[in-house]
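Participant: Pasting a structure here, questions to come.
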Amino acid sequence: MGGRTIRGCASRLPAGRHPVADPRAVRAGPARRRVGRLPSARHRLAPVLEPRRMTRTRIAPSPTGDPHVGTAYQALLNYGFARQRGGAFILRIEDTDQARSKRAFETAILRSLRWLGLAWDEGPDVGGPFAPYRQSDRLDSYREVAEGLLRDGRAYRDYADGEGGAFAIRLRTPTSGRIALPDRLRAGLSKDWESVDDPVLLKSDGFPTYHLANVVDDHRMEISDVIRGEEWIASLPKHLLLYEALGWEPPAFWHVPLLRNNDRNRSKLSKRRSPTSLDFYRDAGFLPEALVNFLGMLVWTRASGEEKFSLEEFVARFDLASISVAGAVFDTGKLAWLNGRYLREDYDPVGIAALLRRWRYDDRTLEQAAALAQPRMKTLGDFGPLTAHFFADETPLDPALLARGRDASEVAEWLLLAEWALEGLDDFTEAAVHAALRGVAESVGVKLGPFTRPLYLAISGSAASTPLFGSMVLLGSSMTRMRLRRARAALGGVSRKRQKKLRARRSTA
RNA sequence: GUCCCCAUCGUCUAGUGGCCCAGGACGUCGCCCUUUCACGGCGAAAACACGGGUUCGAGUCCCGUUGGGGACGCCA
């Protein structure tokens, strides 16, 4: 953990000589703070009345994991805001984490957002006037900006963590004073510079950090409104300082509340606690219009109280300035109710049949299911029961059956390790799944047969069913992992502490 | 721990100083409909976190407390 702070480092400018970051910065001092206080959130700043420039918003996902409902939620707000003002909605890929970014994730994210109907005007796939829209394709521009900052003395080199002569470039932040943080959803925010560390701008591998890349791109792509999660409020001073140092006018910032887990603490939505993958919702049989409606419902309701509305209506009527700033719980129960309404009210039986064909009852899926079921069929009538789990969201789980005499916590660990192994797979093929699971079985010292028994039950809900690996592939990665997770939970789960230990052991292996 | 944010039924919300002994929806419970289960209909329980102010009047404004969340990475 070296290299973190820099407070008191010789390379800093003396505090007094440092330019104040923002003309709107307020002076330090407790008395001053109170007097200058703006009205609270109830009296929010009115939205800009005379937009001097075109409204341009963006969603900037990082391709480091499965497409996330949080990304869809952010995308919806950005999309809606831009559309209702006749502006443009941009999709930009923030793949500046070389270790974790994968092109497969990017592809999946684009596919999911398209599935939801949140079409972008500019993006890596459709191009646009500010191409390229993938940050790894614009590395030169960040380096150039960082070096300019270096020359101006606004940034400095940090050799702390680099290998050889490699260095990172950090931004020099003031050590005293207080900066006002303009936010369209909360009036009167501010923060002491003393609590802001010098952020890394350019990593020693030559890639920019989020701080640099988002500022450079938002400016160059002429983003007018940055609508992002409130988790970014703490780093707003860094971003504002960058805009100031670069002589650029910052966009308007809207820090929207985070989606929460449906647990006691309402922590930030995480896959630990509830399904977060958009692929999962698609595979479980949720309709894109219901999911979008649900996400919109979390921040806006019609005067009539009717909670079902189309994307078009949401775009036309929702008011970003008046959304609730308290984070909403992502309640899958209510989502399911809404989805049911769409199924009942918007389709006739013919329409439902078409929906089903598009979902999983297509020839290809049926043929693959047939290949898995055929050896076990005596009559065509066996097909239904044998393959029911392919056309279902949840399967029945019996903890006693899952553990089958073994220690429940041990089996839960197997399921966790299996989930992790499958998570890392680039190609979700039968051979890859087989190899991954055999690896896990070996690592826990159990033969593949007994190891996979609980997995059969988790996947199919039955001990007599289709072959495991082929079933997993047909179900898809997202649904497969969800079933393993649900089975693990049914067995009592694996403690956090134990997970940490397993993870450590796994990374050394 | 430090800094920042937030606070109406279990959950999503309406409420922008009098229309609120707080309205709607999900969930829960009861009844009705019905060959089952759903759907649908009707009804019930269920909230302004607490304490101080300001005001003729506070869920609504201010302060504090408590609670919760977020950030504190060469992740985003």
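In the structure tokens, chains take the letters A, B, ... in the order shown, each chain's residues start at 1, and ligands count up from 1 in the order shown.
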Return as a ChimeraX atom specification the residues belonging to chain B that are within 10 Å of chain A, counting only C-alpha atoms (C1' of nucleotides).
Facilitator: /B:2-7,11-14,16,23-27,39,60-62,68-76
Participant: Please report the interatomic distance between CA of Val145 (chain A) and CA of Arg184 (chain A) in Å with one decimal.
Facilitator: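 Those two atoms sit 27.9 Å apart.
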Participant: Can you list, as a PyMOL selection string, every residue of region 49-137 of chain A that DSSP puts in alpha helix (DSSP H)?
Facilitator: chain A and resi 69-84+103-115
Participant: Restricting the output to C-alpha atoms, write the selected residues as an mmCIF file, in the first residue's frame.
Facilitator:
data_model
loop_
_atom_site.group_PDB
_atom_site.id
_atom_site.type_symbol
_atom_site.label_atom_id
_atom_site.label_comp_id
_atom_site.auth_asym_id
_atom_site.auth_seq_id
_atom_site.Cartn_x
_atom_site.Cartn_y
_atom_site.Cartn_z
ATOM 1 C CA VAL A 69 -28.829 -3.356 -13.770
ATOM 2 C CA GLY A 70 -27.126 -0.298 -12.269
ATOM 3 C CA THR A 71 -25.677 0.464 -15.677
ATOM 4 C CA ALA A 72 -29.138 0.157 -17.209
ATOM 5 C CA TYR A 73 -30.527 2.509 -14.565
ATOM 6 C CA GLN A 74 -27.844 5.113 -15.222
ATOM 7 C CA ALA A 75 -28.303 4.663 -18.945
ATOM 8 C CA LEU A 76 -32.062 5.175 -18.647
ATOM 9 C CA LEU A 77 -31.656 8.478 -16.819
ATOM 10 C CA ASN A 78 -29.035 9.733 -19.252
ATOM 11 C CA TYR A 79 -31.029 8.543 -22.230
ATOM 12 C CA GLY A 80 -34.255 10.053 -20.939
ATOM 13 C CA PHE A 81 -32.698 13.376 -20.056
ATOM 14 C CA ALA A 82 -31.028 13.772 -23.440
ATOM 15 C CA ARG A 83 -34.078 12.622 -25.398
ATOM 16 C CA GLN A 84 -36.531 14.874 -23.624
ATOM 17 C CA ARG A 103 -13.998 -7.250 -24.948
ATOM 18 C CA ALA A 104 -16.580 -9.951 -24.225
ATOM 19 C CA PHE A 105 -18.013 -7.832 -21.424
ATOM 20 C CA GLU A 106 -18.189 -4.820 -23.699
ATOM 21 C CA THR A 107 -20.101 -6.818 -26.278
ATOM 22 C CA ALA A 108 -22.495 -8.098 -23.637
ATOM 23 C CA ILE A 109 -23.094 -4.618 -22.229
ATOM 24 C CA LEU A 110 -23.922 -3.179 -25.633
ATOM 25 C CA ARG A 111 -26.234 -6.079 -26.365
ATOM 26 C CA SER A 112 -28.070 -5.632 -23.072
ATOM 27 C CA LEU A 113 -28.588 -1.901 -23.448
ATOM 28 C CA ARG A 114 -29.824 -2.422 -26.974
ATOM 29 C CA TRP A 115 -32.176 -5.121 -25.698
#
Participant: Excluding U65 (chain B) and any residue of its chain fewer than 4 positions from it, enumerate the residues within 12 Å of it, using only C-alpha atoms (C1' of nucleotides), and give them as a list in words.
Facilitator: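 Non-adjacent residues within range: A49, C50, G51 and G52 of chain B.
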Participant: Kindly indicate which residue among A:Lys271, A:Arg154, A:Arg228, A:Lys501 lies nearest to Ser478 (chain A), using only C-alpha atoms for the distances.
Facilitator: A:Lys271
Participant: Tell me which of B:G53, B:G59, B:G41, B:G1 sits closest to C20 (chain B), counting only C-alpha atoms (C1' of nucleotides).
Facilitator: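 Smallest separation from C20 (chain B) among the options: B:G59.
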Participant: Compile the contact shell of Leu491 (chain A) as a short mmCIF file (atom, residue, chain, number, x, y, z; two decimals) with N, CA, C and O atoms, in the first residue's frame: residues with an atom at most 8 Å away, counting only C-alpha atoms (C1' of nucleotides), same-chain residues fewer than 6 positions apart removed.
Facilitator:
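What follows is the written file part_26.cif:
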data_model
loop_
_atom_site.label_atom_id
_atom_site.label_comp_id
_atom_site.auth_asym_id
_atom_site.auth_seq_id
_atom_site.Cartn_x
_atom_site.Cartn_y
_atom_site.Cartn_z
N PRO A 399 -32.40 -28.63 0.55
CA PRO A 399 -31.07 -28.60 1.17
C PRO A 399 -30.57 -30.00 1.56
O PRO A 399 -29.41 -30.33 1.34
N LEU A 402 -29.49 -31.75 -1.52
CA LEU A 402 -28.29 -31.12 -2.06
C LEU A 402 -27.04 -31.62 -1.33
O LEU A 402 -26.04 -31.98 -1.94
N ALA A 403 -27.13 -31.64 -0.01
CA ALA A 403 -25.97 -32.04 0.78
C ALA A 403 -25.81 -33.55 0.78
O ALA A 403 -24.70 -34.07 0.70
N ALA A 408 -23.30 -29.61 4.99
CA ALA A 408 -23.90 -28.58 4.13
C ALA A 408 -22.91 -27.46 3.81
O ALA A 408 -22.86 -26.95 2.69
N SER A 409 -22.11 -27.08 4.79
CA SER A 409 -21.19 -25.96 4.55
C SER A 409 -20.11 -26.35 3.54
O SER A 409 -19.64 -25.53 2.76
N VAL A 411 -20.52 -28.50 1.02
CA VAL A 411 -21.14 -28.48 -0.30
C VAL A 411 -21.35 -27.04 -0.76
O VAL A 411 -21.17 -26.71 -1.93
N ALA A 412 -21.70 -26.18 0.18
CA ALA A 412 -21.87 -24.76 -0.16
C ALA A 412 -20.56 -24.20 -0.71
O ALA A 412 -20.55 -23.41 -1.67
#
Participant: Please indicate the distance in Å from CA of Leu295 (chain A) to CA of Asn261 (chain A), rounded to one decimal place.
Facilitator: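 For CA of Leu295 (chain A) relative to CA of Asn261 (chain A), the distance reads 14.0 Å.
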